Amino acid sequence: MSEVVSMEEIRAISDRLGVDLTQIDLDSIHLPPGDDLGIPSDDEDLLEEDALEEDQGFGNILVVDNLPVVPKEKYEKLEGVVRKIYSQLGVIKEGGLYMPVDPETQKTLGYCFIEYNTPQEAELSKEKTHGYKLDRSHIFAVNMFEDIERFLKVPDEWAPPEIKPYVPGVRLFTSCVFFEMLLKWLTDDKARDQYVIRSGGDTEVLWNDARQMKPELVYKRPYWTESFVQWSPMGTYLATVHRQGAAIWGGATTFNRLMRYAHPQVKLIDFSPGERYLVTYSSHEPSNPRDTHRVVLNIFDVRTGKVMRDFKGSADEFAVGGTGGVTGVSWPVFRWSGGKEDKYFARIGKNVISVYETETFSLIDKKSIKVENVMDFSWSPTDPILSLFVPECGNQPARVSLVQIPSKEELRQKNLFSVSDCKMYWQSNGDYLAVKVDRYTKTKKSTYTGFELFRIKERDIPIEVLELDNKNDKIIAFAWEPKGHRFAVIHGDNPRPDVSFYSMRSGTNTGRVSKLTTLKGKQANALYWSPGGRFIILAGMKGFNGQLEFFDVDELDTMASAEHFMATDVEWDPTGRYVATAVTSVHEMENGFNIWSFNGKLLYRILKDHFFQFLWRPRPPSFLSKEKEEEIAKNLKKYSKKYEAEDQDVSLLLSEQDREKRKKLKEEWEAWINEWKQLHEEEKMEREKLRDGEASDEEEEYQAKEVEVEEILKVDEEVIPFEESQQ
């Protein structure tokens, strides 16, 4: 490695050579590939401690114990049985099955070694065959070859564990640091929110300074992530994704790395709602092209970095139910129960729903819930209640069921007939569940849509059926009002569909759904409610080229209409005061984002080449009770006086800044005029000379004359034959 040169030495050398370092863009200097020229990387610490070793050595070798002890003549038969079992789980290398024989008795020793092509195949085989019952007397005990040495080092006598010194990394999760990285951000004296953006190779965390109509940089780091970034659900951490695994970061003004989670080739991550656990996912190509991808899922404790449970298997095992995902896997694989307790998580399998509790990370009652042909499920956002959808099968109708956890008691069931498809939508408080049901007509040639509305918090969970005025209308979008009782539906087959608003209350009757209004012919195909309810954006994405209508549902009135051409994303800030619309790199042009007020006023616009992500930083739930929030809303004028005064000060400051800007522009203009006049005076003698001694520059003192000048441009001579001239 070359000798590292300090900046002082570089400055000394540049001074000696007469090089001005301020004129050199150091960021544009790139080192030759594979050579650091002795310059340590800023990200060296990411690779130092948790650098993952290559899969070398014996990670792909299994030791299978408790095999039958057989004589020489039965050796081939036993080898064939073992090979048949283990070749189903991966490709065994040529000569990769070795069964030792006692040289004296010529009998096998009761164990064998199996070498696969990859460590992943070996891990899967261990998981699937450990405890495999060959017969009553022979139950396989399977271990990784690498573990044998570790087992041999276990002492015969017990000794008390060594008390490890205090680890500085854990100190990051003390209450003091929590105040610094969480409360300090939440108690911003300007009541601003933060967001993170990714463009090019840079990731930036910024304040949304709407008063100044511009962002303010909090922290910027190049190549912070190799894939994407993700906030935790309550905004405590920012997660980054790398080839070696994932990491979380936090801080007030500078984001420090708080914990790393080793998971090679991680592709996706997901936090539990209470931020206690982090799920990581990776997919690995099999050595046999006929096999499906291998999937590895780890569930980490966020604060300690410990793996609480891992799941491994083929992609087919994790591809049941749901929509979207990678390599055929539905994401997220695990769905968490609502609330901050993170008490349960569940996954769907073939004919089962597997529900785990986080106290032991094992199945509740050590068994899954058997549900024949179950297609989809979802949790209540606030209570341990599962909603399940089972499609029609034979003479059995389709059904939606509500199941209480952990008792597994069925709270409510609704049978549905002639069902084509079904989708479930929970209201954010868990008060209501809307089930959109697509049904076949009697001819089975077309479908129509209706809604089954469950009132979860009411006695016996009553269900109400809702059909649109035109039940043949196609449903384009559905969305509940957050924390409210209203919902919106975009429906219709026309290029400009209709938007209808409904309430789960009807005047004084709070137990009946009613329609509030229908807006005809809107350029909208997506709905975005404000987190605080009341306000909604009717957005026309994709084919509608970013049409935006800001609508007040209380007043049933449009506040503003606007456009963000080619917008790909719309996202409200967590307070419902501001909205971001973005054009990401799926389009080559107009990349960047706009920040709007809740009522549709464009505050500022930022253009960024190769723009990838915009994410508001979430806020944790308020500690204020519902009664306290209502009291604040009632006395808002009293509380708002302070902020109105601050707004006025900012407005005056902005006005002063505008005046200063105009004054500066005027001074620049006058300086240019004076410079021109000086130049005009300096050229006076030259102008007199060109005017034959006339001194005046005043145009009215001269008389314009038109002078015609004839000039021969070209003369051509041509000889014409006599005969031709006679004709």
# chains A, B, ... in the order shown; residues from 1 in each chain; ligands from 1

call {"tool": "select_by_dssp", "arguments": {"residues": "range 597-646 of chain A", "states": "strand (DSSP E or B)", "output": "PyMOL selection string"}}
result
chain A and resi 597+602-607+611-616

call {"tool": "write_last_selection", "arguments": {"atoms": "all heavy atoms", "output": "compact mmCIF listing (two decimals), in the first residue's frame"}}
result
# COMPACT_ATOMS: atom_id res chain seq x y z
N SER A 597 -49.06 23.26 0.05
CA SER A 597 -49.84 23.38 1.28
C SER A 597 -51.03 22.44 1.20
O SER A 597 -51.37 21.95 0.11
CB SER A 597 -50.30 24.83 1.48
OG SER A 597 -51.23 25.17 0.47
N LEU A 602 -48.76 25.91 -4.23
CA LEU A 602 -47.40 25.44 -4.47
C LEU A 602 -46.42 26.31 -3.69
O LEU A 602 -46.34 27.52 -3.90
CB LEU A 602 -47.07 25.49 -5.97
CG LEU A 602 -45.65 25.03 -6.35
CD1 LEU A 602 -45.40 23.58 -5.94
CD2 LEU A 602 -45.41 25.22 -7.85
N LEU A 603 -45.67 25.70 -2.77
CA LEU A 603 -44.74 26.45 -1.92
C LEU A 603 -43.35 26.52 -2.53
O LEU A 603 -42.75 27.58 -2.58
CB LEU A 603 -44.68 25.80 -0.53
CG LEU A 603 -46.03 25.74 0.21
CD1 LEU A 603 -45.87 25.03 1.54
CD2 LEU A 603 -46.58 27.15 0.42
N TYR A 604 -42.82 25.39 -2.97
CA TYR A 604 -41.53 25.42 -3.67
C TYR A 604 -41.33 24.16 -4.48
O TYR A 604 -42.01 23.15 -4.27
CB TYR A 604 -40.35 25.63 -2.70
CG TYR A 604 -40.17 24.59 -1.63
CD1 TYR A 604 -39.38 23.46 -1.83
CD2 TYR A 604 -40.74 24.76 -0.37
CE1 TYR A 604 -39.18 22.53 -0.83
CE2 TYR A 604 -40.54 23.84 0.65
CZ TYR A 604 -39.76 22.72 0.40
OH TYR A 604 -39.56 21.79 1.40
N ARG A 605 -40.40 24.25 -5.42
CA ARG A 605 -40.13 23.16 -6.34
C ARG A 605 -38.63 22.91 -6.39
O ARG A 605 -37.85 23.86 -6.50
CB ARG A 605 -40.66 23.50 -7.73
CG ARG A 605 -40.50 22.38 -8.75
CD ARG A 605 -40.94 22.83 -10.13
NE ARG A 605 -40.99 21.73 -11.07
CZ ARG A 605 -41.08 21.86 -12.38
NH1 ARG A 605 -41.12 23.08 -12.92
NH2 ARG A 605 -41.12 20.81 -13.18
N ILE A 606 -38.22 21.64 -6.31
CA ILE A 606 -36.81 21.27 -6.36
C ILE A 606 -36.61 20.26 -7.49
O ILE A 606 -37.27 19.21 -7.51
CB ILE A 606 -36.33 20.64 -5.03
CG1 ILE A 606 -36.59 21.59 -3.86
CG2 ILE A 606 -34.86 20.27 -5.12
CD1 ILE A 606 -35.77 22.85 -3.88
N LEU A 607 -35.73 20.57 -8.43
CA LEU A 607 -35.39 19.65 -9.51
C LEU A 607 -34.12 18.88 -9.16
O LEU A 607 -33.14 19.47 -8.68
CB LEU A 607 -35.21 20.40 -10.82
CG LEU A 607 -36.45 21.11 -11.38
CD1 LEU A 607 -36.10 21.88 -12.65
CD2 LEU A 607 -37.56 20.10 -11.67
N PHE A 611 -33.64 11.20 -9.76
CA PHE A 611 -34.31 11.27 -8.46
C PHE A 611 -34.99 9.93 -8.18
O PHE A 611 -35.79 9.44 -8.98
CB PHE A 611 -35.34 12.40 -8.48
CG PHE A 611 -35.97 12.67 -7.15
CD1 PHE A 611 -35.22 13.20 -6.11
CD2 PHE A 611 -37.31 12.39 -6.92
CE1 PHE A 611 -35.80 13.45 -4.88
CE2 PHE A 611 -37.89 12.64 -5.70
CZ PHE A 611 -37.13 13.18 -4.67
N PHE A 612 -34.69 9.33 -7.01
CA PHE A 612 -35.16 7.98 -6.72
C PHE A 612 -36.22 7.90 -5.62
O PHE A 612 -37.16 7.13 -5.73
CB PHE A 612 -33.98 7.08 -6.31
CG PHE A 612 -32.90 6.99 -7.35
CD1 PHE A 612 -31.62 7.43 -7.08
CD2 PHE A 612 -33.19 6.46 -8.59
CE1 PHE A 612 -30.63 7.35 -8.04
CE2 PHE A 612 -32.20 6.37 -9.56
CZ PHE A 612 -30.92 6.82 -9.29
N GLN A 613 -36.06 8.67 -4.54
CA GLN A 613 -36.94 8.50 -3.39
C GLN A 613 -37.27 9.82 -2.70
O GLN A 613 -36.41 10.70 -2.63
CB GLN A 613 -36.28 7.58 -2.34
CG GLN A 613 -36.62 6.11 -2.46
CD GLN A 613 -36.07 5.34 -1.28
OE1 GLN A 613 -34.86 5.19 -1.12
NE2 GLN A 613 -36.96 4.83 -0.44
N PHE A 614 -38.48 9.90 -2.20
CA PHE A 614 -38.89 10.97 -1.29
C PHE A 614 -39.71 10.32 -0.19
O PHE A 614 -40.71 9.65 -0.46
CB PHE A 614 -39.73 12.03 -2.01
CG PHE A 614 -40.16 13.17 -1.10
CD1 PHE A 614 -39.53 14.39 -1.16
CD2 PHE A 614 -41.18 13.00 -0.16
CE1 PHE A 614 -39.90 15.44 -0.32
CE2 PHE A 614 -41.56 14.02 0.69
CZ PHE A 614 -40.92 15.25 0.61
N LEU A 615 -39.30 10.50 1.07
CA LEU A 615 -40.02 9.91 2.20
C LEU A 615 -40.10 10.90 3.35
O LEU A 615 -39.06 11.37 3.84
CB LEU A 615 -39.30 8.64 2.70
CG LEU A 615 -39.25 7.43 1.76
CD1 LEU A 615 -38.34 6.36 2.35
CD2 LEU A 615 -40.63 6.87 1.50
N TRP A 616 -41.33 11.26 3.76
CA TRP A 616 -41.49 12.06 4.97
C TRP A 616 -41.07 11.23 6.18
O TRP A 616 -41.28 10.02 6.22
CB TRP A 616 -42.95 12.48 5.16
CG TRP A 616 -43.44 13.52 4.20
CD1 TRP A 616 -44.25 13.30 3.12
CD2 TRP A 616 -43.19 14.93 4.23
NE1 TRP A 616 -44.51 14.48 2.48
CE2 TRP A 616 -43.88 15.51 3.14
CE3 TRP A 616 -42.45 15.76 5.08
CZ2 TRP A 616 -43.86 16.86 2.88
CZ3 TRP A 616 -42.43 17.12 4.82
CH2 TRP A 616 -43.12 17.67 3.73

call {"tool": "residues_around", "arguments": {"residues": "range 619-626 of chain A", "least_positions_apart": "4", "cutoff": "7 Å", "atoms": "only C-alpha atoms", "output": "list in words"}}
result
Met234, Gly235, Pro574 and Glu630 of chain A

call {"tool": "write_last_selection", "arguments": {"atoms": "N, CA, C and O atoms", "output": "PDB file, in the first residue's frame"}}
result
ATOM      1  N   MET A 234     -42.240   4.887  13.375  1.00  0.00           N
ATOM      2  CA  MET A 234     -42.454   6.078  14.207  1.00  0.00           C
ATOM      3  C   MET A 234     -41.346   7.120  13.999  1.00  0.00           C
ATOM      4  O   MET A 234     -41.236   8.076  14.770  1.00  0.00           O
ATOM      5  N   GLY A 235     -40.512   6.921  12.979  1.00  0.00           N
ATOM      6  CA  GLY A 235     -39.516   7.926  12.625  1.00  0.00           C
ATOM      7  C   GLY A 235     -38.265   7.926  13.480  1.00  0.00           C
ATOM      8  O   GLY A 235     -37.434   8.830  13.351  1.00  0.00           O
ATOM      9  N   PRO A 574     -46.672  13.866   7.940  1.00  0.00           N
ATOM     10  CA  PRO A 574     -47.410  13.192   9.024  1.00  0.00           C
ATOM     11  C   PRO A 574     -48.401  14.084   9.762  1.00  0.00           C
ATOM     12  O   PRO A 574     -49.281  13.578  10.447  1.00  0.00           O
ATOM     13  N   GLU A 630     -59.457  17.615  21.360  1.00  0.00           N
ATOM     14  CA  GLU A 630     -60.687  18.365  21.075  1.00  0.00           C
ATOM     15  C   GLU A 630     -60.674  19.722  21.780  1.00  0.00           C
ATOM     16  O   GLU A 630     -61.140  20.728  21.232  1.00  0.00           O
TER      17      GLU A 630
END

call {"tool": "closest_residue", "arguments": {"among": "A:Val403, A:Ala247, A:Ile456, A:Val154", "to": "Asn429 in chain A", "atoms": "only C-alpha atoms"}}
result
A:Ile456

call {"tool": "residues_around", "arguments": {"residues": "Asp270 in chain A", "least_positions_apart": "4", "cutoff": "9 Å", "atoms": "only C-alpha atoms", "output": "JSON, numbers by chain"}}
result
{"A": [230, 232, 277, 278, 279, 280, 281, 332, 334]}

call {"tool": "residues_around", "arguments": {"residues": "Ala526 in chain A", "least_positions_apart": "6", "cutoff": "12 Å", "atoms": "only C-alpha atoms", "output": "number ranges by chain"}}
result
A: 475-479, 488-491, 497-499, 536-544, 546-549, 568-571

call {"tool": "residues_around", "arguments": {"residues": "Leu416 in chain A", "least_positions_apart": "2", "cutoff": "6 Å", "atoms": "only C-alpha atoms", "output": "PDB file with N, CA and C atoms, in the first residue's frame"}}
result
ATOM      1  N   PRO A 397     -69.518 -21.917  -0.260  1.00  0.00           N
ATOM      2  CA  PRO A 397     -69.445 -20.502  -0.683  1.00  0.00           C
ATOM      3  C   PRO A 397     -68.159 -19.849  -0.193  1.00  0.00           C
ATOM      4  N   ALA A 398     -67.828 -18.728  -0.795  1.00  0.00           N
ATOM      5  CA  ALA A 398     -66.708 -17.927  -0.282  1.00  0.00           C
ATOM      6  C   ALA A 398     -67.125 -17.331   1.058  1.00  0.00           C
ATOM      7  N   ARG A 399     -66.127 -16.936   1.862  1.00  0.00           N
ATOM      8  CA  ARG A 399     -66.471 -16.342   3.153  1.00  0.00           C
ATOM      9  C   ARG A 399     -65.367 -15.422   3.642  1.00  0.00           C
TER      10      ARG A 399
END

call {"tool": "closest_residue", "arguments": {"among": "A:Glu708, A:Asp460, A:Glu146, A:Glu563", "to": "Phe113 in chain A", "atoms": "only C-alpha atoms"}}
result
A:Glu146

call {"tool": "residues_around", "arguments": {"residues": "Ile461 in chain A", "least_positions_apart": "2", "cutoff": "12 Å", "atoms": "only C-alpha atoms", "output": "compact mmCIF listing (two decimals) with all heavy atoms, in the first residue's frame"}}
result
# COMPACT_ATOMS: atom_id res chain seq x y z
N SER A 401 -64.00 -14.14 7.41
CA SER A 401 -64.11 -14.46 8.84
C SER A 401 -63.25 -13.51 9.65
O SER A 401 -62.19 -13.06 9.19
CB SER A 401 -63.67 -15.90 9.11
OG SER A 401 -64.46 -16.82 8.40
N LEU A 402 -63.70 -13.22 10.87
CA LEU A 402 -62.92 -12.45 11.83
C LEU A 402 -62.54 -13.40 12.97
O LEU A 402 -63.41 -14.03 13.57
CB LEU A 402 -63.74 -11.28 12.38
CG LEU A 402 -64.18 -10.22 11.36
CD1 LEU A 402 -65.05 -9.17 12.04
CD2 LEU A 402 -62.97 -9.56 10.71
N GLU A 410 -63.61 -17.58 16.43
CA GLU A 410 -64.20 -16.87 15.30
C GLU A 410 -65.26 -15.91 15.82
O GLU A 410 -66.27 -16.32 16.40
CB GLU A 410 -64.80 -17.86 14.31
CG GLU A 410 -65.29 -17.19 13.03
CD GLU A 410 -65.72 -18.18 11.96
OE1 GLU A 410 -66.78 -18.82 12.17
OE2 GLU A 410 -65.01 -18.33 10.96
N LEU A 411 -65.04 -14.61 15.60
CA LEU A 411 -65.96 -13.58 16.11
C LEU A 411 -67.15 -13.36 15.18
O LEU A 411 -68.25 -13.07 15.63
CB LEU A 411 -65.20 -12.26 16.29
CG LEU A 411 -63.99 -12.29 17.22
CD1 LEU A 411 -63.30 -10.94 17.20
CD2 LEU A 411 -64.41 -12.66 18.63
N ARG A 412 -66.90 -13.46 13.88
CA ARG A 412 -67.96 -13.18 12.89
C ARG A 412 -67.60 -13.85 11.58
O ARG A 412 -66.42 -13.99 11.25
CB ARG A 412 -68.09 -11.67 12.69
CG ARG A 412 -69.34 -11.23 11.93
CD ARG A 412 -70.57 -11.36 12.80
NE ARG A 412 -71.69 -10.57 12.32
CZ ARG A 412 -72.59 -10.97 11.42
NH1 ARG A 412 -72.50 -12.18 10.87
NH2 ARG A 412 -73.60 -10.18 11.07
N GLN A 413 -68.62 -14.26 10.85
CA GLN A 413 -68.39 -14.87 9.54
C GLN A 413 -69.49 -14.42 8.58
O GLN A 413 -70.65 -14.28 8.97
CB GLN A 413 -68.39 -16.39 9.64
CG GLN A 413 -68.24 -17.09 8.28
CD GLN A 413 -68.27 -18.60 8.40
OE1 GLN A 413 -67.50 -19.17 9.17
NE2 GLN A 413 -69.15 -19.26 7.66
N LYS A 414 -69.11 -14.16 7.34
CA LYS A 414 -70.09 -13.78 6.32
C LYS A 414 -69.84 -14.64 5.08
O LYS A 414 -68.75 -14.63 4.51
CB LYS A 414 -69.96 -12.30 5.97
CG LYS A 414 -70.92 -11.83 4.88
CD LYS A 414 -72.38 -11.89 5.35
CE LYS A 414 -73.37 -11.50 4.26
NZ LYS A 414 -73.41 -10.07 3.98
N ASP A 431 -62.09 0.54 13.63
CA ASP A 431 -63.53 0.63 13.90
C ASP A 431 -64.36 -0.08 12.83
O ASP A 431 -65.43 -0.63 13.13
CB ASP A 431 -63.98 2.09 13.97
CG ASP A 431 -63.37 2.82 15.16
OD1 ASP A 431 -63.04 2.14 16.16
OD2 ASP A 431 -63.23 4.06 15.10
N TYR A 432 -63.86 -0.05 11.59
CA TYR A 432 -64.63 -0.60 10.48
C TYR A 432 -63.72 -1.45 9.59
O TYR A 432 -62.51 -1.23 9.49
CB TYR A 432 -65.24 0.52 9.62
CG TYR A 432 -65.96 1.59 10.40
CD1 TYR A 432 -65.42 2.87 10.53
CD2 TYR A 432 -67.19 1.33 11.00
CE1 TYR A 432 -66.09 3.86 11.25
CE2 TYR A 432 -67.86 2.31 11.72
CZ TYR A 432 -67.30 3.57 11.84
OH TYR A 432 -67.96 4.54 12.56
N LEU A 433 -64.36 -2.41 8.91
CA LEU A 433 -63.70 -3.20 7.87
C LEU A 433 -64.59 -3.19 6.64
O LEU A 433 -65.77 -3.55 6.71
CB LEU A 433 -63.48 -4.64 8.34
CG LEU A 433 -63.00 -5.63 7.27
CD1 LEU A 433 -61.59 -5.28 6.79
CD2 LEU A 433 -63.05 -7.07 7.78
N GLU A 452 -69.21 -5.07 1.61
CA GLU A 452 -69.70 -5.59 2.89
C GLU A 452 -68.99 -4.77 3.98
O GLU A 452 -67.76 -4.80 4.07
CB GLU A 452 -69.38 -7.07 3.05
CG GLU A 452 -69.88 -7.95 1.91
CD GLU A 452 -71.37 -8.21 1.97
OE1 GLU A 452 -71.94 -8.12 3.08
OE2 GLU A 452 -71.98 -8.49 0.91
N LEU A 453 -69.73 -4.04 4.77
CA LEU A 453 -69.17 -3.11 5.76
C LEU A 453 -69.38 -3.66 7.17
O LEU A 453 -70.52 -3.78 7.64
CB LEU A 453 -69.81 -1.73 5.62
CG LEU A 453 -69.69 -1.10 4.22
CD1 LEU A 453 -70.54 0.17 4.14
CD2 LEU A 453 -68.25 -0.81 3.87
N PHE A 454 -68.28 -4.00 7.85
CA PHE A 454 -68.32 -4.56 9.20
C PHE A 454 -68.11 -3.43 10.22
O PHE A 454 -67.14 -2.68 10.11
CB PHE A 454 -67.22 -5.60 9.39
CG PHE A 454 -67.38 -6.87 8.59
CD1 PHE A 454 -67.27 -6.86 7.20
CD2 PHE A 454 -67.63 -8.07 9.22
CE1 PHE A 454 -67.40 -8.03 6.46
CE2 PHE A 454 -67.77 -9.25 8.49
CZ PHE A 454 -67.66 -9.22 7.11
N ARG A 455 -68.98 -3.36 11.22
CA ARG A 455 -68.80 -2.40 12.31
C ARG A 455 -68.17 -3.16 13.48
O ARG A 455 -68.87 -3.76 14.30
CB ARG A 455 -70.14 -1.77 12.69
CG ARG A 455 -70.76 -0.97 11.55
CD ARG A 455 -72.11 -0.41 11.92
NE ARG A 455 -72.71 0.29 10.79
CZ ARG A 455 -72.53 1.60 10.53
NH1 ARG A 455 -71.78 2.32 11.36
NH2 ARG A 455 -73.08 2.16 9.48
N ILE A 456 -66.85 -3.13 13.55
CA ILE A 456 -66.11 -4.02 14.43
C ILE A 456 -66.38 -3.75 15.91
O ILE A 456 -66.47 -4.68 16.72
CB ILE A 456 -64.59 -3.89 14.15
CG1 ILE A 456 -64.30 -4.15 12.66
CG2 ILE A 456 -63.79 -4.85 15.02
CD1 ILE A 456 -64.66 -5.53 12.19
N LYS A 457 -66.51 -2.48 16.31
CA LYS A 457 -66.60 -2.14 17.72
C LYS A 457 -68.03 -2.22 18.27
O LYS A 457 -68.24 -2.04 19.47
CB LYS A 457 -66.04 -0.72 17.94
CG LYS A 457 -64.58 -0.53 17.51
CD LYS A 457 -63.62 -1.33 18.36
CE LYS A 457 -62.18 -1.21 17.88
NZ LYS A 457 -61.58 0.09 18.07
N GLU A 458 -68.98 -2.50 17.41
CA GLU A 458 -70.37 -2.57 17.86
C GLU A 458 -70.74 -4.00 18.25
O GLU A 458 -70.10 -4.96 17.82
CB GLU A 458 -71.31 -2.04 16.77
CG GLU A 458 -71.09 -0.57 16.47
CD GLU A 458 -72.07 -0.04 15.43
OE1 GLU A 458 -73.12 -0.68 15.22
OE2 GLU A 458 -71.78 1.01 14.82
N ARG A 459 -71.78 -4.12 19.03
CA ARG A 459 -72.20 -5.42 19.55
C ARG A 459 -72.57 -6.37 18.41
O ARG A 459 -73.29 -6.01 17.48
CB ARG A 459 -73.41 -5.23 20.47
CG ARG A 459 -73.87 -6.50 21.15
CD ARG A 459 -75.04 -6.21 22.07
NE ARG A 459 -75.53 -7.44 22.70
CZ ARG A 459 -76.55 -7.49 23.53
NH1 ARG A 459 -77.20 -6.37 23.85
NH2 ARG A 459 -76.92 -8.64 24.06
N ILE A 463 -73.21 -6.18 10.00
CA ILE A 463 -72.67 -6.05 8.64
C ILE A 463 -73.71 -5.36 7.77
O ILE A 463 -74.90 -5.71 7.80
CB ILE A 463 -72.32 -7.42 8.04
CG1 ILE A 463 -71.31 -8.15 8.94
CG2 ILE A 463 -71.76 -7.26 6.63
CD1 ILE A 463 -71.08 -9.59 8.53
N GLU A 464 -73.27 -4.39 6.99
CA GLU A 464 -74.17 -3.66 6.10
C GLU A 464 -73.68 -3.82 4.66
O GLU A 464 -72.47 -3.79 4.40
CB GLU A 464 -74.19 -2.18 6.48
CG GLU A 464 -75.28 -1.38 5.81
CD GLU A 464 -75.40 0.01 6.41
OE1 GLU A 464 -74.71 0.29 7.40
OE2 GLU A 464 -76.19 0.81 5.88
N GLY A 511 -75.65 4.21 12.93
CA GLY A 511 -75.49 2.81 12.54
C GLY A 511 -75.90 2.52 11.12
O GLY A 511 -76.20 1.37 10.78

call {"tool": "residues_around", "arguments": {"residues": "Ser227 in chain A", "least_positions_apart": "2", "cutoff": "10 Å", "atoms": "only C-alpha atoms", "output": "ChimeraX atom specification"}}
result
/A:223-225,229,240-243,266-268

call {"tool": "closest_residue", "arguments": {"among": "A:Ala524, A:Ala580, A:Ile673, A:Leu152", "to": "Val196 in chain A", "atoms": "only C-alpha atoms"}}
result
A:Ala580
